[in-house]
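These notes are about the structure you will find just below.
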Amino acid sequence: IKRYAQGPRFVRKLQTRIHTRTRLELPLDSADGILSECLKPADLVVGKDIDCRDGFGKWGKARVAERGGEGVDLWVRVHFHGWDDKWDEKIFVAPNAWRFGPKDMYSSGNKRRKRLHTYKKGSTVRVINRVEDHKWVQGTVAKVSQEDPSQVRVDFYNRKGERIEYWFHIDSPDIKRVATYTLNGIVSHRGSIYGGHYTSIVKWLGEQQEGDHKLSDTVPRTRWFDISDTRVKEIDMDDALEKQAYLLFYERCDDAGGPPAPQPQHSNFATATVVPAEAAKQQQELGDSSRL
């Protein structure tokens, strides 16, 4: 009553908020509604070819072999193509609606499906714990299927600290990437709120020099520089992190958890522009005349 008393505008806003919620955020008692977006219970008839998720989370081609019960007690026995009958599964539809999909929705037979995401081994992801409470948890991609690279196995931990292994399709809403960032620059301030001086601490990925411990041909040497006006001084990373930060600059890493392949000849966040000496002198004279 209180909500409707606030007027129709509030009701429209409330309805919009409800409709924009993703289907995976809905409570478990609305499983029929989730299923209606893919398959209706009436479509799960004996002999129908569908996509089904097995007990380990993998999507595969399947066929409804048997059906029984009604309403919340409706169940189907699913036979997976290419597997013996002993691997058939009896699945109750209402609490497991997320395990059913139209034919070729997620199975490897759908060659026309465009890959929306790619995940590598070691990628940090967020997935829905379909084994227990159906809540978002953070995990790590432990394996990519050789038969179908669009399916990955994610290892994550439950609240008891037990490790769970489950498979996810990379295009399904059950999995999403976790953005990671690496620190590339710091703006530091010395002084008070009434005055002071700003300096920049910049990370530079440069070529390895003689005497450096060579990690690999593709991993450049990481160096930090403290820049104050025209003074440039190389400092250690520990000294850079101890600075009083005013601004922090981060670079988003790729899905594998590391930064993109660097270009050793340039800084990570600025492309060097070489200006001839004569042109630089002319630019300086023009700048001085404009200030006059």
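In the structure tokens, each chain is lettered A, B, ... as it comes, each chain's residues begin at 1, and ligands are numbered from 1 in order of appearance.
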**OP:** Could you give me, as a list in words, each residue of range 35-98 of chain A that DSSP assigns to helix (DSSP H, G or I) when run on this structure's backbone?
**Re:** Leu35, Ser36, Pro41, Ala42, Asp43, Gly71, Val72, Asp73, Asp85, Lys86, Trp87, Ala94, Pro95, Asn96, Ala97 and Trp98 of chain A
**OP:** For range 72-86 of chain A, work out the shell of residues within 7 Å, counting only C-alpha atoms and skipping chain neighbours fewer than 5 positions away, then give it as a count of residues only.
**Re:** 12
**OP:** Grab the CA of Asp236 in chain A to CA of Ala179 in chain A distance for me, in Å with one decimal place.
**Re:**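 Here the two named atoms are 26.8 Å from each other.
For the residues A:Arg231, A:Lys121, A:Lys203, A:Arg223, ranking by smallest atom-to-atom distance to Ala142 in chain A using only C-alpha atoms places A:Lys121 first.
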Original post:
Which residues, written as a ChimeraX atom specification, have at least one atom at most 7 Å from range 247-249 of chain A, with only C-alpha atoms counted and residues fewer than 6 positions away on the same chain left out?
Top reply: /A:183-187
**OP:** Compile the contact shell of Val127 in chain A as number ranges by chain: residues with an atom at most 6 Å away, counting only C-alpha atoms, same-chain residues fewer than 3 positions apart removed.
**Re:** A: 136-137, 174-175
Selected residues, C-alpha atoms, written as a CSV table (one decimal), in the first residue's frame, please.
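File produced: result-v1.csv:
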chain,number,residue,atom,x,y,z
A,136,TRP,CA,28.0,-15.8,-7.2
A,137,VAL,CA,31.5,-16.9,-6.1
A,174,ASP,CA,26.6,-18.2,-15.3
A,175,ILE,CA,30.1,-17.0,-15.8
List as a PDB file with all heavy atoms, in the first residue's frame the protein and nucleic acid residues near Tyr157 in chain A, meaning an atom at most 12 Å away when only C-alpha atoms are counted, but skip any in the same chain fewer than 3 places from it.
ATOM      1  N   ARG A 126      34.031 -14.938 -12.097  1.00  0.00           N
ATOM      2  CA  ARG A 126      32.935 -15.074 -11.142  1.00  0.00           C
ATOM      3  C   ARG A 126      31.898 -15.997 -11.756  1.00  0.00           C
ATOM      4  O   ARG A 126      31.515 -15.823 -12.916  1.00  0.00           O
ATOM      5  CB  ARG A 126      32.323 -13.713 -10.808  1.00  0.00           C
ATOM      6  CG  ARG A 126      33.189 -12.892  -9.877  1.00  0.00           C
ATOM      7  CD  ARG A 126      32.552 -11.548  -9.555  1.00  0.00           C
ATOM      8  NE  ARG A 126      31.260 -11.699  -8.875  1.00  0.00           N
ATOM      9  CZ  ARG A 126      31.133 -11.900  -7.566  1.00  0.00           C
ATOM     10  NH1 ARG A 126      32.195 -12.003  -6.802  1.00  0.00           N
ATOM     11  NH2 ARG A 126      29.933 -12.003  -7.015  1.00  0.00           N
ATOM     12  N   VAL A 127      31.460 -16.981 -10.986  1.00  0.00           N
ATOM     13  CA  VAL A 127      30.506 -17.960 -11.481  1.00  0.00           C
ATOM     14  C   VAL A 127      29.400 -18.147 -10.452  1.00  0.00           C
ATOM     15  O   VAL A 127      29.535 -17.759  -9.285  1.00  0.00           O
ATOM     16  CB  VAL A 127      31.193 -19.316 -11.764  1.00  0.00           C
ATOM     17  CG1 VAL A 127      32.205 -19.184 -12.881  1.00  0.00           C
ATOM     18  CG2 VAL A 127      31.855 -19.859 -10.497  1.00  0.00           C
ATOM     19  N   ILE A 128      28.306 -18.736 -10.901  1.00  0.00           N
ATOM     20  CA  ILE A 128      27.213 -19.067  -9.995  1.00  0.00           C
ATOM     21  C   ILE A 128      27.431 -20.490  -9.479  1.00  0.00           C
ATOM     22  O   ILE A 128      27.612 -21.425 -10.261  1.00  0.00           O
ATOM     23  CB  ILE A 128      25.856 -18.953 -10.698  1.00  0.00           C
ATOM     24  CG1 ILE A 128      25.558 -17.491 -11.025  1.00  0.00           C
ATOM     25  CG2 ILE A 128      24.743 -19.518  -9.830  1.00  0.00           C
ATOM     26  CD1 ILE A 128      24.215 -17.255 -11.636  1.00  0.00           C
ATOM     27  N   ASN A 129      27.441 -20.626  -8.183  1.00  0.00           N
ATOM     28  CA  ASN A 129      27.630 -21.936  -7.554  1.00  0.00           C
ATOM     29  C   ASN A 129      26.363 -22.764  -7.748  1.00  0.00           C
ATOM     30  O   ASN A 129      25.465 -22.768  -6.904  1.00  0.00           O
ATOM     31  CB  ASN A 129      27.950 -21.763  -6.074  1.00  0.00           C
ATOM     32  CG  ASN A 129      28.224 -23.091  -5.387  1.00  0.00           C
ATOM     33  OD1 ASN A 129      28.165 -24.148  -6.001  1.00  0.00           O
ATOM     34  ND2 ASN A 129      28.521 -23.036  -4.096  1.00  0.00           N
ATOM     35  N   VAL A 131      26.137 -25.886  -7.693  1.00  0.00           N
ATOM     36  CA  VAL A 131      26.168 -27.134  -6.929  1.00  0.00           C
ATOM     37  C   VAL A 131      25.428 -26.978  -5.610  1.00  0.00           C
ATOM     38  O   VAL A 131      24.821 -27.925  -5.111  1.00  0.00           O
ATOM     39  CB  VAL A 131      27.628 -27.567  -6.681  1.00  0.00           C
ATOM     40  CG1 VAL A 131      27.688 -28.874  -5.898  1.00  0.00           C
ATOM     41  CG2 VAL A 131      28.367 -27.703  -8.007  1.00  0.00           C
ATOM     42  N   GLU A 132      25.442 -25.754  -5.033  1.00  0.00           N
ATOM     43  CA  GLU A 132      24.894 -25.590  -3.688  1.00  0.00           C
ATOM     44  C   GLU A 132      23.840 -24.479  -3.627  1.00  0.00           C
ATOM     45  O   GLU A 132      22.654 -24.726  -3.863  1.00  0.00           O
ATOM     46  CB  GLU A 132      26.033 -25.309  -2.702  1.00  0.00           C
ATOM     47  CG  GLU A 132      26.998 -26.471  -2.593  1.00  0.00           C
ATOM     48  CD  GLU A 132      28.140 -26.186  -1.645  1.00  0.00           C
ATOM     49  OE1 GLU A 132      28.377 -24.995  -1.342  1.00  0.00           O
ATOM     50  OE2 GLU A 132      28.789 -27.134  -1.202  1.00  0.00           O
ATOM     51  N   LYS A 135      24.650 -18.936  -5.694  1.00  0.00           N
ATOM     52  CA  LYS A 135      25.108 -17.558  -5.482  1.00  0.00           C
ATOM     53  C   LYS A 135      26.446 -17.367  -6.182  1.00  0.00           C
ATOM     54  O   LYS A 135      27.175 -18.307  -6.463  1.00  0.00           O
ATOM     55  CB  LYS A 135      25.249 -17.262  -3.987  1.00  0.00           C
ATOM     56  CG  LYS A 135      23.911 -17.253  -3.250  1.00  0.00           C
ATOM     57  CD  LYS A 135      24.098 -16.868  -1.791  1.00  0.00           C
ATOM     58  CE  LYS A 135      22.756 -16.818  -1.070  1.00  0.00           C
ATOM     59  NZ  LYS A 135      22.898 -16.437   0.358  1.00  0.00           N
ATOM     60  N   TRP A 136      26.758 -16.083  -6.466  1.00  0.00           N
ATOM     61  CA  TRP A 136      27.997 -15.761  -7.162  1.00  0.00           C
ATOM     62  C   TRP A 136      29.190 -16.013  -6.257  1.00  0.00           C
ATOM     63  O   TRP A 136      29.203 -15.630  -5.093  1.00  0.00           O
ATOM     64  CB  TRP A 136      27.996 -14.303  -7.613  1.00  0.00           C
ATOM     65  CG  TRP A 136      27.079 -14.033  -8.766  1.00  0.00           C
ATOM     66  CD1 TRP A 136      25.826 -13.500  -8.712  1.00  0.00           C
ATOM     67  CD2 TRP A 136      27.349 -14.273 -10.147  1.00  0.00           C
ATOM     68  NE1 TRP A 136      25.291 -13.407  -9.968  1.00  0.00           N
ATOM     69  CE2 TRP A 136      26.201 -13.869 -10.866  1.00  0.00           C
ATOM     70  CE3 TRP A 136      28.441 -14.794 -10.838  1.00  0.00           C
ATOM     71  CZ2 TRP A 136      26.129 -13.966 -12.245  1.00  0.00           C
ATOM     72  CZ3 TRP A 136      28.367 -14.888 -12.218  1.00  0.00           C
ATOM     73  CH2 TRP A 136      27.217 -14.482 -12.910  1.00  0.00           C
ATOM     74  N   VAL A 137      30.222 -16.654  -6.811  1.00  0.00           N
ATOM     75  CA  VAL A 137      31.475 -16.889  -6.106  1.00  0.00           C
ATOM     76  C   VAL A 137      32.621 -16.616  -7.089  1.00  0.00           C
ATOM     77  O   VAL A 137      32.415 -16.578  -8.306  1.00  0.00           O
ATOM     78  CB  VAL A 137      31.578 -18.330  -5.567  1.00  0.00           C
ATOM     79  CG1 VAL A 137      30.536 -18.586  -4.510  1.00  0.00           C
ATOM     80  CG2 VAL A 137      31.459 -19.348  -6.707  1.00  0.00           C
ATOM     81  N   GLN A 138      33.790 -16.427  -6.548  1.00  0.00           N
ATOM     82  CA  GLN A 138      34.964 -16.200  -7.379  1.00  0.00           C
ATOM     83  C   GLN A 138      35.753 -17.487  -7.518  1.00  0.00           C
ATOM     84  O   GLN A 138      35.927 -18.230  -6.542  1.00  0.00           O
ATOM     85  CB  GLN A 138      35.846 -15.114  -6.775  1.00  0.00           C
ATOM     86  CG  GLN A 138      37.041 -14.727  -7.652  1.00  0.00           C
ATOM     87  CD  GLN A 138      37.669 -13.420  -7.240  1.00  0.00           C
ATOM     88  OE1 GLN A 138      36.977 -12.420  -7.047  1.00  0.00           O
ATOM     89  NE2 GLN A 138      38.978 -13.406  -7.083  1.00  0.00           N
ATOM     90  N   GLY A 139      36.213 -17.753  -8.735  1.00  0.00           N
ATOM     91  CA  GLY A 139      36.956 -18.971  -8.999  1.00  0.00           C
ATOM     92  C   GLY A 139      38.032 -18.750 -10.040  1.00  0.00           C
ATOM     93  O   GLY A 139      38.258 -17.633 -10.509  1.00  0.00           O
ATOM     94  N   THR A 140      38.679 -19.844 -10.410  1.00  0.00           N
ATOM     95  CA  THR A 140      39.775 -19.803 -11.376  1.00  0.00           C
ATOM     96  C   THR A 140      39.543 -20.856 -12.448  1.00  0.00           C
ATOM     97  O   THR A 140      39.157 -21.987 -12.145  1.00  0.00           O
ATOM     98  CB  THR A 140      41.124 -20.081 -10.682  1.00  0.00           C
ATOM     99  OG1 THR A 140      41.310 -19.148  -9.614  1.00  0.00           O
ATOM    100  CG2 THR A 140      42.274 -19.952 -11.666  1.00  0.00           C
ATOM    101  N   VAL A 154      35.869 -24.610 -13.930  1.00  0.00           N
ATOM    102  CA  VAL A 154      36.230 -23.589 -12.951  1.00  0.00           C
ATOM    103  C   VAL A 154      36.313 -24.239 -11.573  1.00  0.00           C
ATOM    104  O   VAL A 154      35.421 -24.994 -11.177  1.00  0.00           O
ATOM    105  CB  VAL A 154      35.197 -22.437 -12.941  1.00  0.00           C
ATOM    106  CG1 VAL A 154      35.555 -21.405 -11.880  1.00  0.00           C
ATOM    107  CG2 VAL A 154      35.125 -21.793 -14.324  1.00  0.00           C
ATOM    108  N   LYS A 160      32.427 -23.517   3.333  1.00  0.00           N
ATOM    109  CA  LYS A 160      33.133 -24.413   4.249  1.00  0.00           C
ATOM    110  C   LYS A 160      34.603 -24.577   3.881  1.00  0.00           C
ATOM    111  O   LYS A 160      35.337 -25.281   4.566  1.00  0.00           O
ATOM    112  CB  LYS A 160      32.451 -25.782   4.260  1.00  0.00           C
ATOM    113  CG  LYS A 160      31.007 -25.766   4.743  1.00  0.00           C
ATOM    114  CD  LYS A 160      30.407 -27.164   4.706  1.00  0.00           C
ATOM    115  CE  LYS A 160      28.956 -27.162   5.168  1.00  0.00           C
ATOM    116  NZ  LYS A 160      28.363 -28.517   5.119  1.00  0.00           N
ATOM    117  N   GLY A 161      35.022 -23.943   2.792  1.00  0.00           N
ATOM    118  CA  GLY A 161      36.402 -24.074   2.348  1.00  0.00           C
ATOM    119  C   GLY A 161      36.667 -25.286   1.497  1.00  0.00           C
ATOM    120  O   GLY A 161      37.823 -25.617   1.232  1.00  0.00           O
ATOM    121  N   GLU A 162      35.603 -25.958   1.043  1.00  0.00           N
ATOM    122  CA  GLU A 162      35.758 -27.142   0.213  1.00  0.00           C
ATOM    123  C   GLU A 162      35.847 -26.734  -1.258  1.00  0.00           C
ATOM    124  O   GLU A 162      35.079 -25.898  -1.722  1.00  0.00           O
ATOM    125  CB  GLU A 162      34.577 -28.092   0.419  1.00  0.00           C
ATOM    126  CG  GLU A 162      34.416 -28.555   1.858  1.00  0.00           C
ATOM    127  CD  GLU A 162      33.108 -29.273   2.094  1.00  0.00           C
ATOM    128  OE1 GLU A 162      32.163 -29.069   1.306  1.00  0.00           O
ATOM    129  OE2 GLU A 162      33.028 -30.042   3.072  1.00  0.00           O
ATOM    130  N   ARG A 163      36.784 -27.343  -1.966  1.00  0.00           N
ATOM    131  CA  ARG A 163      36.945 -27.011  -3.385  1.00  0.00           C
ATOM    132  C   ARG A 163      35.907 -27.736  -4.231  1.00  0.00           C
ATOM    133  O   ARG A 163      35.639 -28.919  -4.035  1.00  0.00           O
ATOM    134  CB  ARG A 163      38.348 -27.381  -3.862  1.00  0.00           C
ATOM    135  CG  ARG A 163      38.665 -26.809  -5.251  1.00  0.00           C
ATOM    136  CD  ARG A 163      40.037 -27.209  -5.714  1.00  0.00           C
ATOM    137  NE  ARG A 163      40.072 -28.621  -6.103  1.00  0.00           N
ATOM    138  CZ  ARG A 163      41.114 -29.188  -6.719  1.00  0.00           C
ATOM    139  NH1 ARG A 163      42.186 -28.479  -6.975  1.00  0.00           N
ATOM    140  NH2 ARG A 163      41.085 -30.462  -7.035  1.00  0.00           N
ATOM    141  N   ILE A 164      35.345 -26.987  -5.176  1.00  0.00           N
ATOM    142  CA  ILE A 164      34.326 -27.525  -6.075  1.00  0.00           C
ATOM    143  C   ILE A 164      34.805 -27.333  -7.502  1.00  0.00           C
ATOM    144  O   ILE A 164      35.301 -26.260  -7.866  1.00  0.00           O
ATOM    145  CB  ILE A 164      32.971 -26.827  -5.864  1.00  0.00           C
ATOM    146  CG1 ILE A 164      32.470 -27.053  -4.437  1.00  0.00           C
ATOM    147  CG2 ILE A 164      31.940 -27.324  -6.868  1.00  0.00           C
ATOM    148  CD1 ILE A 164      31.194 -26.325  -4.109  1.00  0.00           C
ATOM    149  N   GLU A 165      34.656 -28.367  -8.319  1.00  0.00           N
ATOM    150  CA  GLU A 165      34.996 -28.318  -9.738  1.00  0.00           C
ATOM    151  C   GLU A 165      33.708 -28.417 -10.546  1.00  0.00           C
ATOM    152  O   GLU A 165      32.939 -29.365 -10.377  1.00  0.00           O
ATOM    153  CB  GLU A 165      35.955 -29.457 -10.100  1.00  0.00           C
ATOM    154  CG  GLU A 165      37.255 -29.455  -9.318  1.00  0.00           C
ATOM    155  CD  GLU A 165      38.126 -30.656  -9.628  1.00  0.00           C
ATOM    156  OE1 GLU A 165      37.654 -31.526 -10.410  1.00  0.00           O
ATOM    157  OE2 GLU A 165      39.244 -30.736  -9.101  1.00  0.00           O
ATOM    158  N   TYR A 166      33.489 -27.447 -11.420  1.00  0.00           N
ATOM    159  CA  TYR A 166      32.262 -27.439 -12.203  1.00  0.00           C
ATOM    160  C   TYR A 166      32.543 -26.796 -13.555  1.00  0.00           C
ATOM    161  O   TYR A 166      33.404 -25.910 -13.678  1.00  0.00           O
ATOM    162  CB  TYR A 166      31.170 -26.657 -11.467  1.00  0.00           C
ATOM    163  CG  TYR A 166      29.769 -27.090 -11.807  1.00  0.00           C
ATOM    164  CD1 TYR A 166      29.302 -28.350 -11.465  1.00  0.00           C
ATOM    165  CD2 TYR A 166      28.901 -26.235 -12.475  1.00  0.00           C
ATOM    166  CE1 TYR A 166      28.018 -28.753 -11.774  1.00  0.00           C
ATOM    167  CE2 TYR A 166      27.614 -26.622 -12.786  1.00  0.00           C
ATOM    168  CZ  TYR A 166      27.178 -27.882 -12.437  1.00  0.00           C
ATOM    169  OH  TYR A 166      25.899 -28.277 -12.747  1.00  0.00           O
TER     170      TYR A 166
END
Subject >> Which residue of A:Gly195, A:Pro102, A:Pro173, A:Gly68 approaches Cys52 in chain A most closely, using only C-alpha atoms >> reply: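 Counting only C-alpha atoms, the residue closest to Cys52 in chain A is A:Pro102.
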Subject >> Exercise: Tyr246 in chain A partners within 10 Å, only C-alpha atoms, chain neighbours under 4 positions left out, as a PyMOL selection string >> reply: chain A and resi 186-190+198-200
Could you please take those selected residues and save all heavy atoms as a CSV table (one decimal), in the first residue's frame?
chain,number,residue,atom,x,y,z
A,186,ILE,N,51.7,7.2,-10.5
A,186,ILE,CA,51.3,7.8,-9.3
A,186,ILE,C,51.6,9.3,-9.4
A,186,ILE,O,52.6,9.7,-9.9
A,186,ILE,CB,52.0,7.3,-8.1
A,186,ILE,CG1,51.8,5.7,-8.0
A,186,ILE,CG2,51.5,7.9,-6.8
A,186,ILE,CD1,52.7,5.1,-6.9
A,187,VAL,N,50.6,10.1,-9.0
A,187,VAL,CA,50.8,11.6,-8.9
A,187,VAL,C,50.9,11.8,-7.4
A,187,VAL,O,49.9,11.5,-6.7
A,187,VAL,CB,49.7,12.4,-9.5
A,187,VAL,CG1,49.9,13.9,-9.2
A,187,VAL,CG2,49.7,12.2,-11.1
A,188,SER,N,52.0,12.4,-7.0
A,188,SER,CA,52.2,12.6,-5.5
A,188,SER,C,52.2,14.1,-5.3
A,188,SER,O,52.6,14.9,-6.2
A,188,SER,CB,53.6,12.0,-5.1
A,188,SER,OG,53.8,12.3,-3.7
A,189,HIS,N,51.8,14.5,-4.1
A,189,HIS,CA,51.8,15.9,-3.7
A,189,HIS,C,52.6,16.1,-2.4
A,189,HIS,O,52.4,15.4,-1.4
A,189,HIS,CB,50.3,16.4,-3.5
A,189,HIS,CG,50.2,17.8,-3.1
A,189,HIS,ND1,50.0,18.2,-1.8
A,189,HIS,CD2,50.3,18.9,-3.9
A,189,HIS,CE1,50.0,19.5,-1.8
A,189,HIS,NE2,50.1,20.0,-3.0
A,190,ARG,N,53.4,17.2,-2.4
A,190,ARG,CA,54.1,17.6,-1.2
A,190,ARG,C,53.7,18.9,-0.8
A,190,ARG,O,53.6,19.8,-1.7
A,190,ARG,CB,55.6,17.6,-1.5
A,190,ARG,CG,56.2,16.3,-2.1
A,190,ARG,CD,57.7,16.5,-2.5
A,190,ARG,NE,58.2,15.3,-3.3
A,190,ARG,CZ,59.3,15.4,-3.9
A,190,ARG,NH1,60.1,16.5,-3.9
A,190,ARG,NH2,59.7,14.3,-4.6
A,198,TYR,N,53.7,19.1,-7.1
A,198,TYR,CA,53.2,17.8,-7.6
A,198,TYR,C,54.4,17.1,-8.3
A,198,TYR,O,55.1,17.8,-9.1
A,198,TYR,CB,52.1,17.9,-8.6
A,198,TYR,CG,50.8,18.4,-7.9
A,198,TYR,CD1,50.4,19.7,-7.9
A,198,TYR,CD2,49.9,17.4,-7.3
A,198,TYR,CE1,49.2,20.1,-7.3
A,198,TYR,CE2,48.7,17.8,-6.8
A,198,TYR,CZ,48.4,19.1,-6.7
A,198,TYR,OH,47.2,19.5,-6.1
A,199,THR,N,54.5,15.8,-8.1
A,199,THR,CA,55.5,15.0,-8.9
A,199,THR,C,54.8,13.8,-9.4
A,199,THR,O,53.8,13.4,-8.9
A,199,THR,CB,56.7,14.6,-7.9
A,199,THR,OG1,56.2,13.8,-6.9
A,199,THR,CG2,57.4,15.8,-7.4
A,200,SER,N,55.4,13.2,-10.4
A,200,SER,CA,54.9,12.0,-11.0
A,200,SER,C,55.8,10.8,-10.8
A,200,SER,O,57.0,10.9,-11.0
A,200,SER,CB,54.6,12.2,-12.5
A,200,SER,OG,53.7,13.3,-12.7
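Comparing A:Asp229, A:Asp171, A:Asp51, A:Asp133 by their smallest distance to Gly101 in chain A, the closest is A:Asp51 (using only C-alpha atoms).
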